[in-house]
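S.K.: Below is the file input-v2.cif, with mmCIF, N, CA and C atoms.
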data_my_file
#
loop_
_atom_site.label_atom_id
_atom_site.label_comp_id
_atom_site.auth_asym_id
_atom_site.auth_seq_id
_atom_site.Cartn_x
_atom_site.Cartn_y
_atom_site.Cartn_z
N MET Z 25 18.19 -8.87 24.10
CA MET Z 25 16.91 -9.43 23.73
C MET Z 25 15.84 -8.38 24.02
N ARG Z 26 14.98 -8.14 23.05
CA ARG Z 26 13.88 -7.20 23.22
C ARG Z 26 12.67 -7.95 23.78
N ALA Z 27 11.92 -7.25 24.63
CA ALA Z 27 10.76 -7.86 25.27
C ALA Z 27 9.60 -6.87 25.30
N LEU Z 28 8.42 -7.43 25.31
CA LEU Z 28 7.18 -6.67 25.45
C LEU Z 28 6.54 -7.16 26.73
N ALA Z 29 5.95 -6.26 27.51
CA ALA Z 29 5.27 -6.68 28.74
C ALA Z 29 3.82 -6.22 28.70
N LEU Z 30 2.97 -7.02 29.37
CA LEU Z 30 1.54 -6.75 29.40
C LEU Z 30 1.02 -6.74 30.83
N ASP Z 31 0.17 -5.77 31.11
CA ASP Z 31 -0.61 -5.74 32.35
C ASP Z 31 -2.06 -5.94 31.88
N VAL Z 32 -2.56 -7.17 32.00
CA VAL Z 32 -3.85 -7.55 31.44
C VAL Z 32 -4.97 -7.19 32.41
N GLY Z 33 -5.87 -6.34 31.94
CA GLY Z 33 -7.06 -6.00 32.70
C GLY Z 33 -8.30 -6.40 31.93
N GLU Z 34 -9.45 -6.25 32.55
CA GLU Z 34 -10.70 -6.63 31.90
C GLU Z 34 -10.98 -5.82 30.65
N ARG Z 35 -10.70 -4.52 30.70
CA ARG Z 35 -11.02 -3.64 29.56
C ARG Z 35 -9.81 -3.25 28.73
N ARG Z 36 -8.68 -3.05 29.41
CA ARG Z 36 -7.47 -2.58 28.73
C ARG Z 36 -6.29 -3.47 29.09
N ILE Z 37 -5.30 -3.44 28.20
CA ILE Z 37 -4.04 -4.14 28.43
C ILE Z 37 -2.93 -3.11 28.33
N GLY Z 38 -2.24 -2.88 29.45
CA GLY Z 38 -1.10 -1.98 29.44
C GLY Z 38 0.06 -2.66 28.73
N VAL Z 39 0.81 -1.89 27.97
CA VAL Z 39 1.93 -2.43 27.18
C VAL Z 39 3.19 -1.64 27.53
N ALA Z 40 4.30 -2.35 27.67
CA ALA Z 40 5.61 -1.73 27.87
C ALA Z 40 6.62 -2.48 27.02
N SER Z 41 7.72 -1.81 26.72
CA SER Z 41 8.78 -2.46 25.95
C SER Z 41 10.12 -2.17 26.61
N GLY Z 42 11.08 -3.01 26.29
CA GLY Z 42 12.42 -2.84 26.83
C GLY Z 42 13.33 -3.93 26.29
N ASP Z 43 14.58 -3.90 26.75
CA ASP Z 43 15.50 -4.94 26.31
C ASP Z 43 16.52 -5.23 27.40
N THR Z 44 17.11 -6.41 27.30
CA THR Z 44 18.07 -6.85 28.31
C THR Z 44 19.39 -6.11 28.20
N GLU Z 45 19.69 -5.53 27.04
CA GLU Z 45 20.95 -4.80 26.87
C GLU Z 45 20.97 -3.53 27.72
N THR Z 46 19.92 -2.73 27.63
CA THR Z 46 19.87 -1.49 28.42
C THR Z 46 19.32 -1.74 29.82
N GLY Z 47 18.48 -2.78 29.96
CA GLY Z 47 17.86 -3.07 31.25
C GLY Z 47 16.79 -2.07 31.63
N ILE Z 48 16.26 -1.36 30.64
CA ILE Z 48 15.27 -0.31 30.90
C ILE Z 48 13.94 -0.67 30.26
N ALA Z 49 12.87 -0.55 31.05
CA ALA Z 49 11.50 -0.76 30.57
C ALA Z 49 10.80 0.58 30.47
N VAL Z 50 10.04 0.78 29.39
CA VAL Z 50 9.30 2.03 29.21
C VAL Z 50 7.85 1.73 28.84
N PRO Z 51 6.92 2.51 29.36
CA PRO Z 51 5.52 2.34 28.97
C PRO Z 51 5.37 2.55 27.46
N ALA Z 52 4.50 1.76 26.83
CA ALA Z 52 4.33 1.86 25.37
C ALA Z 52 2.87 1.99 24.97
N GLY Z 53 1.97 2.27 25.92
CA GLY Z 53 0.58 2.49 25.57
C GLY Z 53 -0.34 1.39 26.06
N VAL Z 54 -1.54 1.39 25.53
CA VAL Z 54 -2.56 0.40 25.90
C VAL Z 54 -3.27 -0.09 24.66
N ILE Z 55 -3.81 -1.29 24.76
CA ILE Z 55 -4.71 -1.79 23.73
C ILE Z 55 -5.98 -2.24 24.43
N ASP Z 56 -7.08 -2.16 23.72
CA ASP Z 56 -8.34 -2.63 24.28
C ASP Z 56 -8.31 -4.15 24.38
N ASN Z 57 -8.85 -4.68 25.46
CA ASN Z 57 -8.90 -6.13 25.63
C ASN Z 57 -10.15 -6.64 24.90
N THR Z 58 -9.91 -7.20 23.72
CA THR Z 58 -10.98 -7.71 22.86
C THR Z 58 -10.61 -9.12 22.41
N PRO Z 59 -11.50 -9.81 21.73
CA PRO Z 59 -11.14 -11.13 21.21
C PRO Z 59 -9.93 -11.10 20.27
N ASP Z 60 -9.65 -9.95 19.64
CA ASP Z 60 -8.53 -9.81 18.72
C ASP Z 60 -7.22 -9.43 19.42
N SER Z 61 -7.25 -9.27 20.75
CA SER Z 61 -6.07 -8.80 21.47
C SER Z 61 -4.81 -9.63 21.24
N PRO Z 62 -4.88 -10.97 21.25
CA PRO Z 62 -3.64 -11.73 21.00
C PRO Z 62 -3.00 -11.39 19.65
N ALA Z 63 -3.80 -11.21 18.62
CA ALA Z 63 -3.26 -10.84 17.31
C ALA Z 63 -2.65 -9.43 17.36
N GLN Z 64 -3.29 -8.53 18.12
CA GLN Z 64 -2.73 -7.18 18.27
C GLN Z 64 -1.40 -7.22 19.00
N VAL Z 65 -1.31 -8.05 20.04
CA VAL Z 65 -0.06 -8.20 20.79
C VAL Z 65 1.02 -8.78 19.88
N LEU Z 66 0.67 -9.76 19.07
CA LEU Z 66 1.63 -10.34 18.13
C LEU Z 66 2.16 -9.26 17.18
N ARG Z 67 1.28 -8.44 16.62
CA ARG Z 67 1.71 -7.36 15.72
C ARG Z 67 2.63 -6.38 16.45
N GLU Z 68 2.27 -6.04 17.69
CA GLU Z 68 3.07 -5.11 18.49
C GLU Z 68 4.45 -5.71 18.77
N ALA Z 69 4.50 -6.98 19.13
CA ALA Z 69 5.78 -7.65 19.40
C ALA Z 69 6.64 -7.68 18.14
N GLN Z 70 6.05 -7.98 17.02
CA GLN Z 70 6.79 -8.02 15.76
C GLN Z 70 7.31 -6.64 15.39
N ALA Z 71 6.48 -5.61 15.56
CA ALA Z 71 6.87 -4.25 15.22
C ALA Z 71 8.04 -3.77 16.09
N ARG Z 72 8.09 -4.25 17.32
CA ARG Z 72 9.15 -3.83 18.24
C ARG Z 72 10.31 -4.81 18.31
N GLY Z 73 10.24 -5.88 17.52
CA GLY Z 73 11.32 -6.86 17.50
C GLY Z 73 11.44 -7.65 18.79
N ALA Z 74 10.33 -7.80 19.50
CA ALA Z 74 10.36 -8.51 20.79
C ALA Z 74 10.32 -10.01 20.57
N SER Z 75 11.20 -10.73 21.25
CA SER Z 75 11.22 -12.19 21.12
C SER Z 75 10.48 -12.87 22.26
N VAL Z 76 10.08 -12.11 23.27
CA VAL Z 76 9.34 -12.66 24.41
C VAL Z 76 8.31 -11.65 24.88
N VAL Z 77 7.18 -12.17 25.36
CA VAL Z 77 6.14 -11.33 25.96
C VAL Z 77 6.07 -11.70 27.44
N VAL Z 78 6.25 -10.71 28.29
CA VAL Z 78 6.21 -10.91 29.74
C VAL Z 78 4.85 -10.45 30.23
N VAL Z 79 4.14 -11.34 30.90
CA VAL Z 79 2.79 -11.03 31.37
C VAL Z 79 2.77 -11.00 32.89
N GLY Z 80 2.21 -9.95 33.44
CA GLY Z 80 2.06 -9.84 34.89
C GLY Z 80 0.95 -10.76 35.38
N MET Z 81 1.27 -11.60 36.37
CA MET Z 81 0.27 -12.51 36.97
C MET Z 81 -0.26 -11.88 38.25
N PRO Z 82 -1.57 -11.65 38.31
CA PRO Z 82 -2.17 -10.99 39.47
C PRO Z 82 -2.50 -11.96 40.61
N TYR Z 83 -1.45 -12.47 41.27
CA TYR Z 83 -1.68 -13.34 42.41
C TYR Z 83 -2.30 -12.53 43.55
N SER Z 84 -3.01 -13.21 44.43
CA SER Z 84 -3.56 -12.53 45.60
C SER Z 84 -2.40 -12.19 46.54
N MET Z 85 -2.65 -11.36 47.54
CA MET Z 85 -1.59 -10.98 48.47
C MET Z 85 -1.02 -12.19 49.20
N SER Z 86 -1.83 -13.25 49.34
CA SER Z 86 -1.34 -14.47 49.99
C SER Z 86 -0.56 -15.36 49.03
N GLY Z 87 -0.50 -14.95 47.75
CA GLY Z 87 0.23 -15.73 46.75
C GLY Z 87 -0.62 -16.76 46.04
N ARG Z 88 -1.91 -16.79 46.35
CA ARG Z 88 -2.79 -17.77 45.72
C ARG Z 88 -3.27 -17.29 44.36
N VAL Z 89 -3.71 -18.25 43.57
CA VAL Z 89 -4.26 -17.97 42.25
C VAL Z 89 -5.75 -17.68 42.41
N GLY Z 90 -6.13 -16.45 42.14
CA GLY Z 90 -7.53 -16.07 42.26
C GLY Z 90 -8.20 -16.02 40.90
N PRO Z 91 -9.43 -15.51 40.87
CA PRO Z 91 -10.18 -15.45 39.62
C PRO Z 91 -9.49 -14.63 38.52
N GLN Z 92 -8.90 -13.50 38.88
CA GLN Z 92 -8.25 -12.68 37.85
C GLN Z 92 -7.01 -13.37 37.30
N ALA Z 93 -6.28 -14.10 38.14
CA ALA Z 93 -5.11 -14.85 37.66
C ALA Z 93 -5.55 -15.94 36.68
N GLU Z 94 -6.71 -16.54 36.91
CA GLU Z 94 -7.23 -17.54 35.98
C GLU Z 94 -7.56 -16.90 34.63
N VAL Z 95 -8.12 -15.68 34.66
CA VAL Z 95 -8.41 -14.95 33.42
C VAL Z 95 -7.11 -14.68 32.67
N VAL Z 96 -6.07 -14.28 33.39
CA VAL Z 96 -4.78 -14.00 32.75
C VAL Z 96 -4.17 -15.29 32.20
N ARG Z 97 -4.30 -16.39 32.92
CA ARG Z 97 -3.80 -17.67 32.41
C ARG Z 97 -4.46 -18.03 31.09
N GLU Z 98 -5.75 -17.81 30.97
CA GLU Z 98 -6.46 -18.07 29.72
C GLU Z 98 -5.94 -17.15 28.62
N PHE Z 99 -5.70 -15.89 28.95
CA PHE Z 99 -5.16 -14.95 27.97
C PHE Z 99 -3.78 -15.41 27.50
N ILE Z 100 -2.97 -15.92 28.42
CA ILE Z 100 -1.65 -16.42 28.05
C ILE Z 100 -1.78 -17.59 27.08
N ARG Z 101 -2.73 -18.48 27.31
CA ARG Z 101 -2.96 -19.59 26.37
C ARG Z 101 -3.29 -19.06 24.98
N ARG Z 102 -4.08 -17.99 24.94
CA ARG Z 102 -4.43 -17.38 23.65
C ARG Z 102 -3.20 -16.76 22.99
N LEU Z 103 -2.32 -16.13 23.78
CA LEU Z 103 -1.08 -15.56 23.23
C LEU Z 103 -0.20 -16.67 22.66
N GLU Z 104 -0.06 -17.76 23.40
CA GLU Z 104 0.74 -18.88 22.92
C GLU Z 104 0.13 -19.48 21.66
N GLY Z 105 -1.19 -19.40 21.55
CA GLY Z 105 -1.89 -19.91 20.38
C GLY Z 105 -1.57 -19.15 19.10
N VAL Z 106 -1.12 -17.90 19.21
CA VAL Z 106 -0.73 -17.14 18.02
C VAL Z 106 0.78 -17.17 17.84
N GLY Z 107 1.47 -18.02 18.63
CA GLY Z 107 2.90 -18.24 18.42
C GLY Z 107 3.84 -17.38 19.26
N LEU Z 108 3.33 -16.74 20.30
CA LEU Z 108 4.20 -15.91 21.13
C LEU Z 108 4.83 -16.71 22.26
N GLU Z 109 6.11 -16.44 22.53
CA GLU Z 109 6.77 -17.00 23.71
C GLU Z 109 6.39 -16.11 24.89
N VAL Z 110 5.88 -16.73 25.96
CA VAL Z 110 5.37 -15.96 27.09
C VAL Z 110 6.07 -16.38 28.37
N GLU Z 111 6.46 -15.38 29.17
CA GLU Z 111 6.95 -15.60 30.53
C GLU Z 111 6.08 -14.78 31.46
N THR Z 112 6.02 -15.17 32.72
CA THR Z 112 5.18 -14.44 33.68
C THR Z 112 6.03 -13.86 34.81
N VAL Z 113 5.48 -12.81 35.42
CA VAL Z 113 6.09 -12.14 36.57
C VAL Z 113 4.97 -11.84 37.55
N ASP Z 114 5.22 -12.03 38.83
CA ASP Z 114 4.26 -11.67 39.88
C ASP Z 114 4.05 -10.16 39.83
N GLU Z 115 2.81 -9.74 39.64
CA GLU Z 115 2.54 -8.31 39.49
C GLU Z 115 1.87 -7.69 40.71
N ARG Z 116 1.86 -8.37 41.84
CA ARG Z 116 1.21 -7.78 43.01
C ARG Z 116 1.74 -6.38 43.26
N LEU Z 117 0.83 -5.46 43.42
CA LEU Z 117 1.10 -4.06 43.73
C LEU Z 117 1.72 -3.26 42.58
N SER Z 118 1.80 -3.83 41.37
CA SER Z 118 2.41 -3.09 40.26
C SER Z 118 1.60 -1.85 39.89
N SER Z 119 0.27 -1.92 39.95
CA SER Z 119 -0.54 -0.75 39.61
C SER Z 119 -0.35 0.35 40.65
N ALA Z 120 -0.28 -0.02 41.92
CA ALA Z 120 -0.05 0.99 42.97
C ALA Z 120 1.32 1.63 42.80
N GLU Z 121 2.34 0.82 42.48
CA GLU Z 121 3.68 1.35 42.25
C GLU Z 121 3.70 2.26 41.03
N ALA Z 122 2.99 1.86 39.98
CA ALA Z 122 2.93 2.68 38.77
C ALA Z 122 2.24 4.01 39.03
N GLU Z 123 1.15 3.98 39.79
CA GLU Z 123 0.42 5.22 40.10
C GLU Z 123 1.31 6.16 40.91
N ARG Z 124 2.06 5.61 41.87
CA ARG Z 124 2.98 6.41 42.67
C ARG Z 124 4.07 7.02 41.79
N ALA Z 125 4.61 6.23 40.87
CA ALA Z 125 5.66 6.72 39.98
C ALA Z 125 5.14 7.84 39.09
N LEU Z 126 3.93 7.69 38.59
CA LEU Z 126 3.34 8.73 37.73
C LEU Z 126 3.10 10.02 38.50
N ALA Z 127 2.89 9.90 39.80
CA ALA Z 127 2.64 11.08 40.65
C ALA Z 127 3.94 11.66 41.18
N GLY Z 128 5.07 11.13 40.73
CA GLY Z 128 6.35 11.63 41.20
C GLY Z 128 6.61 11.28 42.65
N GLY Z 129 5.99 10.21 43.13
CA GLY Z 129 6.20 9.77 44.50
C GLY Z 129 5.36 10.49 45.53
N ARG Z 130 4.57 11.47 45.10
CA ARG Z 130 3.75 12.22 46.05
C ARG Z 130 2.54 11.40 46.45
N PRO Z 131 2.15 11.47 47.72
CA PRO Z 131 0.94 10.75 48.15
C PRO Z 131 -0.30 11.37 47.54
N ARG Z 132 -1.33 10.56 47.41
CA ARG Z 132 -2.60 11.06 46.88
C ARG Z 132 -3.18 12.06 47.87
N GLY Z 133 -3.77 13.10 47.36
CA GLY Z 133 -4.37 14.09 48.25
C GLY Z 133 -4.64 15.37 47.51
N ARG Z 134 -4.72 16.42 48.24
CA ARG Z 134 -5.02 17.74 47.68
C ARG Z 134 -4.05 18.12 46.58
N GLY Z 135 -4.60 18.64 45.51
CA GLY Z 135 -3.77 19.14 44.43
C GLY Z 135 -3.17 18.07 43.53
N ARG Z 136 -3.42 16.83 43.82
CA ARG Z 136 -2.87 15.76 42.98
C ARG Z 136 -4.01 15.07 42.26
N ARG Z 137 -3.97 15.17 40.95
CA ARG Z 137 -4.99 14.49 40.15
C ARG Z 137 -4.59 13.05 39.92
N ARG Z 138 -5.59 12.22 39.85
CA ARG Z 138 -5.35 10.80 39.56
C ARG Z 138 -4.95 10.68 38.09
N PRO Z 139 -3.90 9.90 37.79
CA PRO Z 139 -3.50 9.73 36.39
C PRO Z 139 -4.57 8.98 35.60
N GLU Z 140 -4.55 9.17 34.29
CA GLU Z 140 -5.49 8.46 33.43
C GLU Z 140 -5.26 6.96 33.56
N LYS Z 141 -6.37 6.20 33.46
CA LYS Z 141 -6.28 4.73 33.60
C LYS Z 141 -5.29 4.13 32.61
N GLY Z 142 -5.32 4.56 31.37
CA GLY Z 142 -4.41 4.01 30.37
C GLY Z 142 -2.96 4.24 30.72
N ALA Z 143 -2.67 5.42 31.29
CA ALA Z 143 -1.29 5.71 31.70
C ALA Z 143 -0.86 4.79 32.83
N VAL Z 144 -1.77 4.52 33.76
CA VAL Z 144 -1.46 3.61 34.86
C VAL Z 144 -1.25 2.20 34.33
N ASP Z 145 -2.09 1.77 33.40
CA ASP Z 145 -1.95 0.42 32.83
C ASP Z 145 -0.60 0.24 32.14
N ALA Z 146 -0.20 1.22 31.33
CA ALA Z 146 1.08 1.14 30.62
C ALA Z 146 2.24 1.20 31.61
N ALA Z 147 2.12 2.06 32.63
CA ALA Z 147 3.18 2.16 33.64
C ALA Z 147 3.27 0.87 34.46
N ALA Z 148 2.13 0.24 34.73
CA ALA Z 148 2.14 -1.03 35.46
C ALA Z 148 2.84 -2.11 34.62
N ALA Z 149 2.61 -2.10 33.31
CA ALA Z 149 3.32 -3.04 32.43
C ALA Z 149 4.83 -2.78 32.49
N ALA Z 150 5.22 -1.50 32.57
CA ALA Z 150 6.65 -1.17 32.68
C ALA Z 150 7.23 -1.67 34.00
N VAL Z 151 6.44 -1.59 35.08
CA VAL Z 151 6.89 -2.11 36.38
C VAL Z 151 7.13 -3.62 36.27
N VAL Z 152 6.18 -4.31 35.63
CA VAL Z 152 6.30 -5.76 35.44
C VAL Z 152 7.55 -6.08 34.61
N LEU Z 153 7.74 -5.36 33.52
CA LEU Z 153 8.89 -5.62 32.66
C LEU Z 153 10.20 -5.28 33.37
N GLN Z 154 10.21 -4.21 34.15
CA GLN Z 154 11.43 -3.85 34.87
C GLN Z 154 11.81 -4.95 35.85
N ALA Z 155 10.83 -5.54 36.53
CA ALA Z 155 11.11 -6.65 37.45
C ALA Z 155 11.71 -7.83 36.68
N TRP Z 156 11.18 -8.11 35.51
CA TRP Z 156 11.70 -9.20 34.68
C TRP Z 156 13.13 -8.91 34.22
N LEU Z 157 13.34 -7.68 33.75
CA LEU Z 157 14.69 -7.29 33.31
C LEU Z 157 15.69 -7.34 34.45
N ASP Z 158 15.30 -6.87 35.62
CA ASP Z 158 16.18 -6.92 36.79
C ASP Z 158 16.52 -8.36 37.14
N GLY Z 159 15.55 -9.25 37.02
CA GLY Z 159 15.80 -10.66 37.27
C GLY Z 159 16.78 -11.26 36.27
N LYS Z 160 16.67 -10.84 35.02
CA LYS Z 160 17.59 -11.32 33.99
C LYS Z 160 19.00 -10.84 34.26
N ARG Z 161 19.12 -9.60 34.72
CA ARG Z 161 20.44 -9.02 35.03
C ARG Z 161 21.08 -9.80 36.18
N GLY Z 162 20.28 -10.12 37.19
CA GLY Z 162 20.79 -10.87 38.34
C GLY Z 162 21.18 -12.30 37.99
N ALA Z 163 20.48 -12.87 37.00
CA ALA Z 163 20.74 -14.26 36.62
C ALA Z 163 21.88 -14.37 35.61
N GLY Z 164 22.19 -13.24 34.95
CA GLY Z 164 23.18 -13.30 33.87
C GLY Z 164 24.50 -12.94 34.36
#
Any chance you could give the structure as structure tokens?
M.R.:
Amino acid sequence: MRALALDVGERRIGVASGDTETGIAVPAGVIDNTPDSPAQVLREAQARGASVVVVGMPYSMSGRVGPQAEVVREFIRRLEGVGLEVETVDERLSSAEAERALAGGRPRGRGRRRPEKGAVDAAAAAVVLQAWLDGKRGAG
């Protein structure tokens, strides 16, 4: 099964793709978060043959639903409104993990440039999708 994953932010949405056969998630870029975003996600899912869209839910560190999680819930309703099947994954710390992965595991500091925001967003979506794929592998 092919899947598309989203890391929804206020300005940009990180996108990743992968499938349950290989169990590998890869960053696939970013789209601007606009009123047309659900239609763009639908087109992206169709182009990649994805049957499910996995969305990272930004719970607080205590596991509570905060303001950003409410924004993402509304975005999910909009995705479902254009006919997409949506599943969610806890995305706590996915951006930090993505930034570390992009830096090759090196700590931030001298000689290390911060990755571009879009690259972090797409990598964070890949972290979310990888968690989902790993869960599918464990359940299957």
S.K.: For the atom pair atom N of Z:Asp114 and atom C of Z:Pro59, what is the interatomic distance in Å to one decimal place?
M.R.: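 Spanning atom N of Z:Asp114 to atom C of Z:Pro59 is a straight-line distance of 24.0 Å.
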S.K.: With a distance cut-off of 7 Å and all atoms listed in the file, select the neighbouring residues of stretch 39-49 of chain Z, excluding the residue or stretch itself and same-chain residues fewer than 4 positions from it, and output the selection as a list in words.
M.R.: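 In the requested form, the answer reads Met25, Arg26, Ala27, Leu28, Ala29, Leu30, Asp31, Gly53, Val54, Ile55, Asp145, Ala146, Ala147, Ala148, Ala149, Ala150, Val151, Leu153, Gln154, Leu157 and Asp158 of chain Z.
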S.K.: Show me, as a list in words, the residues that have an atom within 6.5 Å of Z:Asp56 when counting only N, CA and C atoms, minus same-chain residues fewer than 2 positions from it.
M.R.: Arg35, Arg36, Ile37, Val54, Thr58 and Ser61 of chain Z
S.K.: How far is it from atom CA of Z:Val110 to atom N of Z:Gly80, in Å with one decimal?
M.R.: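 Between atom CA of Z:Val110 and atom N of Z:Gly80 the gap is 9.3 Å.
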S.K.: Given the file above and the PyMOL selection byres ((chain Z and resi 83-98) around 7), which residues are selected, and can you give them as a compact mmCIF listing (two decimals) with N, CA and C atoms, in the coordinates of the input?
M.R.:
# COMPACT_ATOMS: atom_id res chain seq x y z
N VAL Z 32 -2.56 -7.17 32.00
CA VAL Z 32 -3.85 -7.55 31.44
C VAL Z 32 -4.97 -7.19 32.41
N GLY Z 80 2.21 -9.95 33.44
CA GLY Z 80 2.06 -9.84 34.89
C GLY Z 80 0.95 -10.76 35.38
N MET Z 81 1.27 -11.60 36.37
CA MET Z 81 0.27 -12.51 36.97
C MET Z 81 -0.26 -11.88 38.25
N PRO Z 82 -1.57 -11.65 38.31
CA PRO Z 82 -2.17 -10.99 39.47
C PRO Z 82 -2.50 -11.96 40.61
N PHE Z 99 -5.70 -15.89 28.95
CA PHE Z 99 -5.16 -14.95 27.97
C PHE Z 99 -3.78 -15.41 27.50
N ILE Z 100 -2.97 -15.92 28.42
CA ILE Z 100 -1.65 -16.42 28.05
C ILE Z 100 -1.78 -17.59 27.08
N ARG Z 101 -2.73 -18.48 27.31
CA ARG Z 101 -2.96 -19.59 26.37
C ARG Z 101 -3.29 -19.06 24.98
N ARG Z 102 -4.08 -17.99 24.94
CA ARG Z 102 -4.43 -17.38 23.65
C ARG Z 102 -3.20 -16.76 22.99
N LEU Z 103 -2.32 -16.13 23.78
CA LEU Z 103 -1.08 -15.56 23.23
C LEU Z 103 -0.20 -16.67 22.66
N ASP Z 114 5.22 -12.03 38.83
CA ASP Z 114 4.26 -11.67 39.88
C ASP Z 114 4.05 -10.16 39.83
N GLU Z 115 2.81 -9.74 39.64
CA GLU Z 115 2.54 -8.31 39.49
C GLU Z 115 1.87 -7.69 40.71
N ARG Z 116 1.86 -8.37 41.84
CA ARG Z 116 1.21 -7.78 43.01
C ARG Z 116 1.74 -6.38 43.26
S.K.: Please, what distance in Å, to one decimal, runs between atom CA of Z:Arg72 and atom CA of Z:Val113?
M.R.: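 Those two atoms sit 20.4 Å apart.
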